[in-house]
Amino acid sequence: EPTDRYTPTRPQQRFVRTRDRTCRFPTCGQRAGWADADHVIPHASGGKTDCANLCCLCRSHHRLKTFARGWRFAMSPDGVLTVTTPSGITRTTRPPGMRPPPERDPPPGAIGTPPPAARADDPPPF
C-alpha cells in the first residue's frame, strides 16, 4: 500500500528487505539489514513510496545513485532492477529466488536440442 510520506512504512520496509535480502546493486551483496530502502524514482521527482518503487541499496550504492551523474535505475512491478552506467552498460538483478524468464524454444534441429519425440503411430526403426 503506497503512502504519501517520504519514509516507507514498517510493512513496506519489511517487505522490501524480505524481497531483496541484499543490496540490489549488481554484484554487491551487502546484507539488507545494512541497506537503505531507496526510491528507484526519487520521491522529489514524483516517485511513490511504494514497494514497486523501493529497493535495498547499501549506503555506498545509495549515494552513487543519488549523487553521481549519469547512472539510471529502473524497476519493474515484480522487483526486477535494471541499472545503467554512465557509459551505457546495463545490468539486471532479480530478487533472490525469482527465476529469469524462460528462454524461447530453440529452432528445430538446433545444436544441443533433443530430437523430436517419436509419435505412437511411427513404425519402429528396424
# chains A, B, ... in the order shown; residues from 1 in each chain; ligands from 1
call {"tool": "residues_around", "arguments": {"residues": "Trp34 in chain A", "least_positions_apart": "5", "cutoff": "9 Å", "atoms": "only C-alpha atoms", "output": "list in words"}}
result
Thr22, Cys23, Leu57, Cys58 and Arg59 of chain A
call {"tool": "residues_around", "arguments": {"residues": "range 2-6 of chain A", "least_positions_apart": "5", "cutoff": "7 Å", "atoms": "only C-alpha atoms", "output": "list of chain:residue names"}}
result
A:His43, A:Lys48, A:Thr49, A:Asp50
call {"tool": "residues_around", "arguments": {"residues": "range 86-95 of chain A", "least_positions_apart": "3", "cutoff": "8 Å", "atoms": "only C-alpha atoms", "output": "number ranges by chain"}}
result
A: 19-21, 24-26, 69-72, 79-83, 98-100
